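Asks: This is structure29.tsv, which holds TSV, C-alpha atoms:
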chain	number	residue	atom	x	y	z
A	1	MET	CA	40.86	-5.32	-33.16
A	2	LYS	CA	39.59	-1.92	-32.09
A	3	ILE	CA	36.00	-2.86	-32.90
A	4	LYS	CA	36.36	-6.15	-31.03
A	5	SER	CA	37.64	-4.38	-27.91
A	6	PHE	CA	34.78	-1.84	-28.09
A	7	LYS	CA	32.27	-4.72	-28.34
A	8	PHE	CA	33.92	-6.34	-25.33
A	9	ILE	CA	33.63	-3.12	-23.32
A	10	GLY	CA	29.99	-2.85	-24.42
A	11	GLN	CA	29.33	-6.37	-23.17
A	12	ILE	CA	30.97	-5.59	-19.83
A	13	LEU	CA	28.84	-2.44	-19.48
A	14	THR	CA	25.71	-4.41	-20.37
A	15	VAL	CA	26.42	-7.07	-17.73
A	16	GLY	CA	27.44	-4.35	-15.28
A	17	SER	CA	24.23	-2.40	-15.69
A	18	ILE	CA	22.13	-5.55	-15.27
A	19	LEU	CA	24.05	-6.38	-12.08
A	20	ALA	CA	23.63	-2.81	-10.87
A	21	VAL	CA	19.86	-2.97	-11.39
A	22	SER	CA	19.60	-6.31	-9.56
A	23	ALA	CA	21.72	-5.02	-6.69
A	24	LEU	CA	19.52	-1.96	-6.07
A	25	PRO	CA	17.59	-2.05	-2.80
A	26	GLU	CA	14.01	-3.13	-3.32
A	27	ARG	CA	11.37	-0.36	-3.41
A	28	ALA	CA	13.93	2.25	-2.48
A	29	ALA	CA	12.09	5.06	-4.20
A	30	ALA	CA	10.05	7.63	-2.30
A	31	GLN	CA	6.77	5.80	-1.91
A	32	ALA	CA	4.50	5.89	1.05
A	33	MET	CA	3.78	2.20	0.73
A	34	SER	CA	4.00	-0.54	-1.83
A	35	PRO	CA	2.43	-2.75	-2.90
A	36	MET	CA	-1.03	-1.28	-2.48
A	37	ARG	CA	-3.02	-4.27	-3.70
A	38	GLY	CA	-2.49	-7.99	-3.38
A	39	GLN	CA	-3.93	-11.44	-3.00
A	40	VAL	CA	-2.24	-14.10	-0.90
A	41	LYS	CA	-3.01	-17.80	-0.79
A	42	SER	CA	-2.25	-19.73	2.37
A	43	PHE	CA	-2.51	-23.32	3.56
A	44	THR	CA	-2.43	-22.30	7.23
A	45	ASP	CA	-4.59	-20.35	9.66
A	46	PHE	CA	-2.66	-17.19	8.80
A	47	PHE	CA	-1.56	-15.36	5.72
A	48	VAL	CA	1.55	-13.28	5.51
A	49	LEU	CA	2.07	-9.98	3.71
A	50	ARG	CA	5.18	-7.96	3.18
A	51	VAL	CA	4.77	-4.26	2.58
A	52	TYR	CA	7.35	-1.54	2.08
A	53	PRO	CA	6.44	1.71	3.83
A	54	ALA	CA	8.53	4.60	2.57
A	55	ASN	CA	9.34	8.04	3.80
A	56	PRO	CA	8.82	10.60	1.03
A	57	TYR	CA	10.37	13.40	3.09
A	58	SER	CA	14.04	14.24	3.19
A	59	HIS	CA	14.11	13.98	6.99
A	60	ARG	CA	13.42	11.18	9.46
A	61	VAL	CA	9.80	10.36	10.21
A	62	ARG	CA	8.19	8.15	12.83
A	63	MET	CA	5.86	5.66	11.19
A	64	GLU	CA	3.26	3.15	12.27
A	65	VAL	CA	1.76	0.24	10.37
A	66	LYS	CA	-1.75	-0.78	11.35
A	67	VAL	CA	-4.13	-3.42	10.07
A	68	TYR	CA	-7.86	-2.80	9.70
A	69	ASP	CA	-10.78	-4.75	8.28
A	70	GLN	CA	-13.07	-3.45	5.55
A	71	ASP	CA	-14.95	-1.27	8.03
A	72	PHE	CA	-11.78	0.17	9.52
A	73	ARG	CA	-12.02	-1.86	12.68
A	74	PRO	CA	-8.58	-2.85	13.98
A	75	VAL	CA	-7.51	-6.41	13.15
A	76	ARG	CA	-5.43	-8.44	15.59
A	77	ALA	CA	-2.52	-8.99	13.25
A	78	ARG	CA	1.15	-9.33	14.03
A	79	VAL	CA	3.06	-6.45	12.47
A	80	THR	CA	6.84	-6.55	12.60
A	81	PRO	CA	7.92	-3.87	13.21
A	82	SER	CA	4.72	-1.95	13.85
A	83	GLN	CA	6.47	1.31	14.79
A	84	PHE	CA	9.76	2.56	13.50
A	85	THR	CA	11.68	5.61	12.49
A	86	LEU	CA	12.55	5.82	8.84
A	87	GLY	CA	15.27	8.00	7.36
A	88	GLY	CA	14.56	10.42	4.56
A	89	ARG	CA	13.82	8.89	1.16
A	90	LEU	CA	14.09	5.38	2.53
A	91	ALA	CA	11.81	2.36	2.58
A	92	ARG	CA	11.89	-0.73	4.73
A	93	PRO	CA	10.12	-4.08	4.69
A	94	VAL	CA	7.39	-4.78	7.24
A	95	SER	CA	5.91	-8.24	7.75
A	96	VAL	CA	2.23	-8.58	8.52
A	97	ILE	CA	0.75	-11.89	9.72
A	98	VAL	CA	-3.03	-11.91	9.58
A	99	PRO	CA	-5.16	-14.69	11.08
A	100	PHE	CA	-8.08	-15.92	8.98
A	101	ALA	CA	-10.12	-15.99	12.20
A	102	GLY	CA	-12.25	-18.88	10.98
A	103	THR	CA	-13.03	-17.40	7.58
A	104	LYS	CA	-12.12	-18.76	4.15
A	105	ASN	CA	-11.26	-15.31	2.71
A	106	ARG	CA	-10.25	-12.24	4.60
A	107	LYS	CA	-9.93	-8.71	3.25
A	108	VAL	CA	-7.74	-6.36	5.22
A	109	ARG	CA	-6.34	-2.89	4.89
A	110	VAL	CA	-2.70	-2.44	5.82
A	111	CYS	CA	-2.16	1.22	6.57
A	112	THR	CA	1.03	3.19	6.94
A	113	GLU	CA	0.65	6.30	9.04
A	114	ALA	CA	3.20	8.99	9.56
A	115	VAL	CA	3.11	10.46	13.03
A	116	PRO	CA	2.25	14.16	12.60
A	117	PHE	CA	4.80	16.82	13.31
A	118	PRO	CA	4.25	18.71	16.54
A	119	THR	CA	2.87	22.16	15.94
A	120	GLN	CA	3.47	25.31	17.92
A	121	GLN	CA	0.19	26.88	16.89
A	122	LYS	CA	-2.32	27.50	19.66
A	123	SER	CA	-5.42	26.29	17.84
A	124	ALA	CA	-4.36	24.00	15.08
A	125	THR	CA	-5.42	21.22	12.77
A	126	THR	CA	-2.83	18.58	12.13
A	127	ILE	CA	-3.04	16.28	9.13
A	128	ARG	CA	-2.17	12.64	9.68
A	129	ALA	CA	-1.33	10.99	6.37
A	130	GLN	CA	-2.59	7.45	6.03
A	131	VAL	CA	-1.85	5.30	3.00
A	132	CYS	CA	-3.74	2.03	2.96
A	133	GLY	CA	-3.22	-1.01	0.79
A	134	LYS	CA	-6.04	-3.50	0.26
A	135	PHE	CA	-5.19	-7.17	0.51
A	136	LEU	CA	-7.13	-10.39	0.23
A	137	GLY	CA	-6.09	-13.55	2.01
A	138	VAL	CA	-7.46	-16.79	0.56
A	139	ARG	CA	-7.31	-20.01	2.51
A	140	VAL	CA	-6.61	-22.83	0.12
A	141	ASN	CA	-7.40	-25.94	2.18
B	1	MET	CA	41.57	35.72	-55.21
B	2	LYS	CA	44.32	33.51	-53.79
B	3	LYS	CA	43.30	34.57	-50.30
B	4	LEU	CA	39.69	33.68	-51.04
B	5	ILE	CA	40.71	30.21	-52.28
B	6	ALA	CA	42.86	29.71	-49.17
B	7	ILE	CA	39.98	30.65	-46.83
B	8	ALA	CA	37.58	28.41	-48.76
B	9	ALA	CA	40.00	25.50	-48.58
B	10	THR	CA	40.53	25.97	-44.83
B	11	THR	CA	36.77	26.11	-44.23
B	12	PHE	CA	36.28	22.95	-46.34
B	13	VAL	CA	38.90	21.10	-44.30
B	14	ALA	CA	37.37	22.30	-41.03
B	15	LEU	CA	33.90	21.16	-42.02
B	16	THR	CA	34.99	17.76	-43.34
B	17	PRO	CA	33.81	15.04	-40.93
B	18	ILE	CA	36.69	13.27	-39.22
B	19	GLN	CA	36.72	9.60	-40.10
B	20	VAL	CA	37.48	7.42	-37.10
B	21	ASN	CA	36.99	3.80	-36.37
B	22	SER	CA	33.96	3.59	-34.08
B	23	ALA	CA	31.72	0.93	-32.65
B	24	THR	CA	28.41	1.06	-30.87
B	25	GLY	CA	27.16	-0.97	-27.98
B	26	ASN	CA	23.62	-1.04	-26.68
B	27	ILE	CA	23.38	-0.62	-22.94
B	28	PRO	CA	19.97	-1.68	-21.67
B	29	PHE	CA	18.37	0.01	-18.70
B	30	SER	CA	15.32	-1.23	-16.91
B	31	GLY	CA	13.27	-0.20	-13.94
B	32	ALA	CA	9.83	-0.46	-12.47
B	33	VAL	CA	7.39	2.00	-10.97
B	34	SER	CA	5.04	0.33	-8.56
B	35	ASN	CA	1.40	1.34	-8.32
B	36	SER	CA	1.50	3.51	-5.26
B	37	CYS	CA	0.18	6.57	-3.50
B	38	ILE	CA	2.34	9.10	-1.73
B	39	ILE	CA	1.04	11.69	0.71
B	40	THR	CA	3.31	14.53	1.69
B	41	VAL	CA	1.83	16.67	4.41
B	42	GLY	CA	2.45	20.37	3.98
B	43	SER	CA	1.34	22.94	6.49
B	44	SER	CA	-0.90	22.43	9.49
B	45	GLY	CA	-4.21	24.23	9.54
B	46	ALA	CA	-5.32	26.89	11.98
B	47	LEU	CA	-8.68	27.05	13.71
B	48	ALA	CA	-10.49	30.28	14.37
B	49	ALA	CA	-13.68	30.95	16.27
B	50	SER	CA	-16.87	32.20	14.67
B	51	ALA	CA	-18.37	35.49	15.78
B	52	ASP	CA	-20.67	33.70	18.25
B	53	TYR	CA	-17.88	31.34	19.45
B	54	ALA	CA	-20.06	28.33	18.67
B	55	VAL	CA	-17.85	27.13	15.83
B	56	LEU	CA	-14.11	26.55	15.60
B	57	SER	CA	-13.19	26.20	11.98
B	58	SER	CA	-10.27	26.55	9.62
B	59	GLU	CA	-12.65	28.38	7.27
B	60	GLU	CA	-13.53	31.14	9.72
B	61	ALA	CA	-11.75	34.49	9.39
B	62	GLY	CA	-8.26	34.06	10.77
B	63	GLY	CA	-8.25	30.31	10.22
B	64	ALA	CA	-6.18	28.43	7.67
B	65	ALA	CA	-6.60	25.17	5.81
B	66	GLY	CA	-4.08	22.36	6.14
B	67	THR	CA	-2.27	21.34	3.00
B	68	ALA	CA	-0.85	18.15	1.53
B	69	THR	CA	0.29	16.78	-1.78
B	70	ILE	CA	-0.90	13.47	-3.10
B	71	LEU	CA	0.91	11.68	-5.88
B	72	THR	CA	-0.37	8.51	-7.46
B	73	THR	CA	1.43	6.41	-10.02
B	74	GLY	CA	-1.64	4.60	-11.25
B	75	GLY	CA	-5.40	4.42	-11.05
B	76	GLY	CA	-7.69	2.75	-8.57
B	77	PHE	CA	-6.89	4.95	-5.60
B	78	SER	CA	-9.32	7.08	-3.67
B	79	LEU	CA	-9.02	10.00	-1.29
B	80	SER	CA	-10.95	10.67	1.89
B	81	ALA	CA	-10.49	12.63	5.10
B	82	ASP	CA	-11.64	11.48	8.53
B	83	ALA	CA	-12.90	14.18	10.84
B	84	PRO	CA	-11.53	13.95	14.36
B	85	ALA	CA	-13.68	12.33	17.03
B	86	SER	CA	-12.57	14.94	19.54
B	87	PHE	CA	-10.03	17.67	20.12
B	88	GLY	CA	-6.72	16.16	21.17
B	89	THR	CA	-6.01	19.33	23.12
B	90	ALA	CA	-8.86	21.32	24.62
B	91	PRO	CA	-9.93	22.96	27.87
B	92	ALA	CA	-12.25	21.12	30.25
B	93	THR	CA	-15.51	21.67	28.35
B	94	GLY	CA	-13.87	21.82	24.94
B	95	ASN	CA	-15.15	18.43	23.77
B	96	THR	CA	-18.64	18.72	25.25
B	97	ASN	CA	-21.46	18.75	22.71
B	98	VAL	CA	-19.20	19.19	19.72
B	99	SER	CA	-19.78	17.73	16.28
B	100	PHE	CA	-16.82	17.55	13.94
B	101	ALA	CA	-16.58	17.75	10.17
B	102	ALA	CA	-13.74	17.60	7.69
B	103	SER	CA	-13.60	18.43	4.01
B	104	TYR	CA	-11.04	18.44	1.24
B	105	SER	CA	-10.51	19.88	-2.20
B	106	ALA	CA	-7.83	19.35	-4.80
B	107	THR	CA	-6.13	21.00	-7.74
B	108	GLY	CA	-3.57	19.65	-10.16
B	109	ALA	CA	-3.89	16.19	-11.70
B	110	ASN	CA	-7.20	15.94	-9.88
B	111	THR	CA	-9.61	18.82	-9.59
B	112	ILE	CA	-11.94	18.18	-6.70
B	113	ALA	CA	-14.38	20.75	-5.43
B	114	LYS	CA	-14.92	21.01	-1.70
B	115	THR	CA	-16.04	17.51	-0.68
B	116	ASP	CA	-17.17	16.12	2.64
B	117	GLY	CA	-14.31	14.14	4.14
B	118	ALA	CA	-16.39	11.00	4.56
B	119	SER	CA	-17.00	10.82	0.80
B	120	ALA	CA	-14.18	9.06	-1.02
B	121	THR	CA	-13.15	10.49	-4.39
B	122	SER	CA	-11.37	8.45	-7.05
B	123	LEU	CA	-7.97	9.78	-7.98
B	124	SER	CA	-6.41	9.97	-11.42
B	125	ARG	CA	-2.69	9.41	-11.87
B	126	GLY	CA	-0.53	12.40	-11.10
B	127	SER	CA	0.22	14.93	-8.41
B	128	SER	CA	-2.47	17.00	-6.74
B	129	ALA	CA	-2.38	19.74	-4.15
B	130	ILE	CA	-4.89	18.97	-1.41
B	131	THR	CA	-6.52	21.49	0.87
B	132	VAL	CA	-8.04	20.14	4.08
B	133	ASN	CA	-10.48	21.98	6.28
B	134	MET	CA	-12.10	20.99	9.54
B	135	SER	CA	-14.56	22.39	11.99
B	136	GLY	CA	-15.96	21.68	15.41
B	137	SER	CA	-19.40	23.04	16.16
B	138	LYS	CA	-21.24	23.23	19.44
B	139	SER	CA	-24.43	21.28	18.93
B	140	VAL	CA	-26.37	22.88	21.77
B	141	PRO	CA	-27.79	26.31	20.88
B	142	GLY	CA	-26.26	29.12	22.88
B	143	GLU	CA	-23.27	27.12	24.00
B	144	THR	CA	-19.84	28.55	23.21
B	145	PHE	CA	-16.29	27.27	23.13
B	146	GLU	CA	-14.42	27.91	26.36
B	147	SER	CA	-11.25	29.96	26.20
B	148	GLY	CA	-8.14	27.85	25.79
B	149	THR	CA	-6.05	25.98	23.29
B	150	TYR	CA	-7.63	23.54	20.84
B	151	ALA	CA	-5.94	21.08	18.54
B	152	ALA	CA	-7.26	18.19	16.46
B	153	THR	CA	-6.01	15.78	13.82
B	154	VAL	CA	-7.61	15.01	10.49
B	155	VAL	CA	-6.65	11.71	8.87
B	156	LEU	CA	-6.08	12.18	5.16
B	157	ARG	CA	-6.33	8.77	3.55
B	158	CYS	CA	-5.28	7.42	0.19
B	159	GLU	CA	-6.29	3.83	-0.46
Any chance you could give the structure as C-alpha cells?
Replies:
Amino acid sequence: MKIKSFKFIGQILTVGSILAVSALPERAAAQAMSPMRGQVKSFTDFFVLRVYPANPYSHRVRMEVKVYDQDFRPVRARVTPSQFTLGGRLARPVSVIVPFAGTKNRKVRVCTEAVPFPTQQKSATTIRAQVCGKFLGVRVN
Amino acid sequence: MKKLIAIAATTFVALTPIQVNSATGNIPFSGAVSNSCIITVGSSGALAASADYAVLSSEEAGGAAGTATILTTGGGFSLSADAPASFGTAPATGNTNVSFAASYSATGANTIAKTDGASATSLSRGSSAITVNMSGSKSVPGETFESGTYAATVVLRCE
C-alpha cells in the first residue's frame, strides 16, 4: 500500500513537472535575442518572423528592433513593436513582416539594439550593443 | 570487559542501517538553451587628446577603453565593431575633417588580439570580456580638435 501511494505521488510529480515546463514563458531566459537564424517559407508577398529580444540586465532597458539587408541598409519592414522598454531579465515577442520586394528569396538581418545609457563623462565613448539574427525568406509560389 | 562489550554493542546498533519501506520515482526535467548571443555593456570609454591635439582616442594617456561581455551559447556567431560616422556631441568644428576608427580585443572563451572593428571575428561558445577602443583623427595636417565636449557611439555587433 505504501509503495503504491509513493508511486502515485511520483506520477503526480512527473505530470506536475511536465506541466510546469510547458507553462513556463517562452524564451524567458536572459538572451539578447532568439532565434538568431531561421528560414521562412511564404506564399504571399511578405514573410513573417517572430523574434524574442531579451534584456540581460537586472534593470529596465529601452530597446529597438531594426531590420537591415545583407549590406546593412535599412529594410522597409513592419516591426511590432519596434521600440519598447523591457524589464530586467525579461524577453518579449516582436513580430517582423518583411516584404519580398519582387524577389524570390530575401535575406535580412533583424537586429536588437539596446539604447546606450547616458554618460556624465565629458569626452566619452558609448558602446551600443547590437545583436543581429540572420533570416532567409523564401517565396514558395 | 563488560563495559567494552556494551560500547561495542551500542556502536553496532548505531551503525546498523535502518530498514524502512521505500520507493523511488523518476522525475524528469527538460529544458532548452537556444543558440544565442548576449552582449552586456560594461563601462563607457573615455577619450583623451594626443599631445598635438590632432587625435582624440581612448588609447591616449588619460583615455579609457569601453568594456562589454559577450556570451554565446553556440557557434556560428561573429563579432565586429562599427566606428562612429561622427561625434554625437562636439563643438562647431569637432566633426570637420575627422576620420574615425574602432577596434576590439577579447579575453576569456575567445582570445582576440586588437582587431580593426570592421573585421568580423568568429566567436567560440562561452563568455568573453571585450575591450573596445575608438579614435577620431584630424585628417588635415596641422589641424587640431577645438576645445569642448566630445562624445561618440561605437556599435558592438554580434551576429
Asks: Kindly give the distance, in Å, that separates atom CA of Met33 of chain A and atom CA of Ser127 of chain B, rounded to a single decimal.
Replies: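 Result for atom CA of Met33 of chain A versus atom CA of Ser127 of chain B: 16.1 Å, one decimal.
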Asks: Would you mind listing what lies within 9 Å of segment 129-136 of chain A as a PyMOL selection string, with only C-alpha atoms counted and same-chain residues fewer than 5 positions away left out?
Replies: (chain A and resi 32-41+49+51+67+70+105-116) or (chain B and resi 36-41+68+154-159)
Asks: Produce a file of the selected residues containing C-alpha atoms, as an mmCIF file, keeping the file's coordinate frame.
Replies:
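That gives us result00.cif:
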data_model
loop_
_atom_site.group_PDB
_atom_site.id
_atom_site.type_symbol
_atom_site.label_atom_id
_atom_site.label_comp_id
_atom_site.auth_asym_id
_atom_site.auth_seq_id
_atom_site.Cartn_x
_atom_site.Cartn_y
_atom_site.Cartn_z
ATOM 1 C CA ALA A 32 4.500 5.890 1.050
ATOM 2 C CA MET A 33 3.780 2.200 0.730
ATOM 3 C CA SER A 34 4.000 -0.540 -1.830
ATOM 4 C CA PRO A 35 2.430 -2.750 -2.900
ATOM 5 C CA MET A 36 -1.030 -1.280 -2.480
ATOM 6 C CA ARG A 37 -3.020 -4.270 -3.700
ATOM 7 C CA GLY A 38 -2.490 -7.990 -3.380
ATOM 8 C CA GLN A 39 -3.930 -11.440 -3.000
ATOM 9 C CA VAL A 40 -2.240 -14.100 -0.900
ATOM 10 C CA LYS A 41 -3.010 -17.800 -0.790
ATOM 11 C CA LEU A 49 2.070 -9.980 3.710
ATOM 12 C CA VAL A 51 4.770 -4.260 2.580
ATOM 13 C CA VAL A 67 -4.130 -3.420 10.070
ATOM 14 C CA GLN A 70 -13.070 -3.450 5.550
ATOM 15 C CA ASN A 105 -11.260 -15.310 2.710
ATOM 16 C CA ARG A 106 -10.250 -12.240 4.600
ATOM 17 C CA LYS A 107 -9.930 -8.710 3.250
ATOM 18 C CA VAL A 108 -7.740 -6.360 5.220
ATOM 19 C CA ARG A 109 -6.340 -2.890 4.890
ATOM 20 C CA VAL A 110 -2.700 -2.440 5.820
ATOM 21 C CA CYS A 111 -2.160 1.220 6.570
ATOM 22 C CA THR A 112 1.030 3.190 6.940
ATOM 23 C CA GLU A 113 0.650 6.300 9.040
ATOM 24 C CA ALA A 114 3.200 8.990 9.560
ATOM 25 C CA VAL A 115 3.110 10.460 13.030
ATOM 26 C CA PRO A 116 2.250 14.160 12.600
ATOM 27 C CA SER B 36 1.500 3.510 -5.260
ATOM 28 C CA CYS B 37 0.180 6.570 -3.500
ATOM 29 C CA ILE B 38 2.340 9.100 -1.730
ATOM 30 C CA ILE B 39 1.040 11.690 0.710
ATOM 31 C CA THR B 40 3.310 14.530 1.690
ATOM 32 C CA VAL B 41 1.830 16.670 4.410
ATOM 33 C CA ALA B 68 -0.850 18.150 1.530
ATOM 34 C CA VAL B 154 -7.610 15.010 10.490
ATOM 35 C CA VAL B 155 -6.650 11.710 8.870
ATOM 36 C CA LEU B 156 -6.080 12.180 5.160
ATOM 37 C CA ARG B 157 -6.330 8.770 3.550
ATOM 38 C CA CYS B 158 -5.280 7.420 0.190
ATOM 39 C CA GLU B 159 -6.290 3.830 -0.460
#
Asks: Quick one: residues within 9 Å of Ser124 of chain B, all atoms listed in the file counted, chain neighbours fewer than 5 positions away excluded, as a list of chain:residue names?
Replies: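 The residues satisfying every condition are B:Thr72, B:Thr73, B:Gly74, B:Gly75, B:Gly76, B:Phe77, B:Ser78, B:Ala109, B:Asn110.
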Asks: Would you give me, as a tab-separated table, each residue of chain B having an atom within 9 Å of an atom of chain A, along with its shortest atom pair and that distance in Å to one decimal, using only C-alpha atoms and sorting by chain and residue number?
Replies:
residue	atom	partner	partner_atom	distance
B:Asn21	CA	A:Ile3	CA	7.6
B:Ser22	CA	A:Ile3	CA	6.9
B:Ala23	CA	A:Ile3	CA	5.7
B:Thr24	CA	A:Lys7	CA	7.4
B:Gly25	CA	A:Gly10	CA	4.9
B:Asn26	CA	A:Gly10	CA	7.0
B:Ile27	CA	A:Thr14	CA	5.1
B:Pro28	CA	A:Thr14	CA	6.5
B:Phe29	CA	A:Ser17	CA	7.0
B:Ser30	CA	A:Val21	CA	7.4
B:Gly31	CA	A:Val21	CA	7.6
B:Val33	CA	A:Ala29	CA	8.8
B:Ser34	CA	A:Ser34	CA	6.9
B:Asn35	CA	A:Met36	CA	6.8
B:Ser36	CA	A:Ser34	CA	5.9
B:Cys37	CA	A:Ala32	CA	6.3
B:Ile38	CA	A:Ala32	CA	4.8
B:Ile39	CA	A:Ala129	CA	6.2
B:Thr40	CA	A:Pro56	CA	6.8
B:Val41	CA	A:Ala129	CA	6.8
B:Gly42	CA	A:Ile127	CA	8.6
B:Ser43	CA	A:Thr126	CA	8.3
B:Ser44	CA	A:Thr126	CA	5.1
B:Gly45	CA	A:Thr125	CA	4.6
B:Ala46	CA	A:Ala124	CA	4.3
B:Leu47	CA	A:Ser123	CA	5.3
B:Ala48	CA	A:Ser123	CA	7.3
B:Leu56	CA	A:Ser123	CA	9.0
B:Ser58	CA	A:Thr125	CA	7.9
B:Gly63	CA	A:Ala124	CA	8.9
B:Ala64	CA	A:Ala124	CA	8.8
B:Ala65	CA	A:Thr125	CA	8.1
B:Gly66	CA	A:Ile127	CA	6.9
B:Thr67	CA	A:Ile127	CA	8.0
B:Ala68	CA	A:Ile127	CA	8.1
B:Thr89	CA	A:Ser123	CA	8.8
B:Val132	CA	A:Ile127	CA	8.1
B:Asn133	CA	A:Thr125	CA	8.3
B:Met134	CA	A:Thr125	CA	7.4
B:Gly148	CA	A:Lys122	CA	8.5
B:Thr149	CA	A:Lys122	CA	5.4
B:Tyr150	CA	A:Ser123	CA	4.6
B:Ala151	CA	A:Ala124	CA	4.8
B:Ala152	CA	A:Thr125	CA	5.1
B:Thr153	CA	A:Thr126	CA	4.6
B:Val154	CA	A:Ile127	CA	4.9
B:Val155	CA	A:Arg128	CA	4.6
B:Leu156	CA	A:Ala129	CA	5.0
B:Arg157	CA	A:Gln130	CA	4.7
B:Cys158	CA	A:Val131	CA	4.9
B:Glu159	CA	A:Cys132	CA	4.6
Asks: Would you work out the distance separating atom CA of Pro99 of chain A from atom CA of Tyr52 of chain A, expressed in Å to one decimal?
Replies: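 Rounded to one decimal, the two atoms are 20.3 Å apart.
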Asks: What box, with edges along x, y and z, holds each listed atom of segment 104-116 of chain A when 6 Å is added on every side, and can you state its centre and edge lengths in Å to one decimal, as lines of an AutoDock Vina configuration file?
Replies:
center_x = -4.5
center_y = -2.3
center_z = 7.9
size_x = 27.3
size_y = 44.9
size_z = 22.3
Asks: Nearest residue to Phe145 of chain B out of B:Ser86, B:Thr69, B:Ser103, B:Asn95, using only C-alpha atoms?
Replies: B:Asn95
Asks: Mind pulling up the distance from atom CA of Leu79 of chain B to atom CA of Leu90 of chain A?
Replies: 23.9 Å
Asks: Write out as a PyMOL selection string the residues lying within 12 Å of Arg76 of chain A, counting all atoms listed in the file and excluding same-chain residues fewer than 3 positions away.
Replies: chain A and resi 46+66-69+73+79+96-101+108+110
Asks: Using all atoms listed in the file, which residue out of A:Phe43, A:Val140, A:Glu64, A:Val48 lies closest to Phe84 of chain A?
Replies: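 Checking each of A:Phe43, A:Val140, A:Glu64, A:Val48 against Phe84 of chain A, counting all atoms listed in the file, the winner is A:Glu64.
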Asks: Which residue is closest to Ser95 of chain A? Choose from A:Val75, A:Thr80, A:Gly137, A:Met63 and count all atoms listed in the file.
Replies: A:Thr80
Asks: For each of B:Ala90, B:Ala102, B:Ala32, B:Ile130, take the minimum atom-to-atom distance to Ile70 of chain B, counting all atoms listed in the file, then give the residue where this is smallest.
Replies: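 Of B:Ala90, B:Ala102, B:Ala32, B:Ile130, the one nearest Ile70 of chain B, counting all atoms listed in the file, is B:Ile130.
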Asks: In terms of the shortest atom-to-atom distance over only C-alpha atoms, which of B:Ala81, B:Val98, B:Ala106, B:Val55 is closest to Ala120 of chain B?
Replies: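 Result for the nearest residue to Ala120 of chain B: B:Ala81.
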Asks: Need to verify the contact set: segment 137-140 of chain B, 10 Å, only C-alpha atoms, exclusion of same-chain residues closer than 6 positions in sequence. Can you return it as a compact mmCIF listing (two decimals) with C-alpha atoms, keeping the file's coordinate frame?
Replies:
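The resulting file, around_7.txt, is shown below:
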# COMPACT_ATOMS: atom_id res chain seq x y z
CA ALA B 49 -13.68 30.95 16.27
CA SER B 50 -16.87 32.20 14.67
CA TYR B 53 -17.88 31.34 19.45
CA ALA B 54 -20.06 28.33 18.67
CA VAL B 55 -17.85 27.13 15.83
CA LEU B 56 -14.11 26.55 15.60
CA SER B 57 -13.19 26.20 11.98
CA GLY B 94 -13.87 21.82 24.94
CA ASN B 95 -15.15 18.43 23.77
CA THR B 96 -18.64 18.72 25.25
CA ASN B 97 -21.46 18.75 22.71
CA VAL B 98 -19.20 19.19 19.72
CA SER B 99 -19.78 17.73 16.28
CA PHE B 100 -16.82 17.55 13.94
CA ALA B 101 -16.58 17.75 10.17
Asks: Could you check which of A:Val94, A:Gly102, A:Val138, A:Arg60 is closest to Pro81 of chain A, using only C-alpha atoms?
Replies: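 Comparing A:Val94, A:Gly102, A:Val138, A:Arg60 against Pro81 of chain A, the winner is A:Val94.
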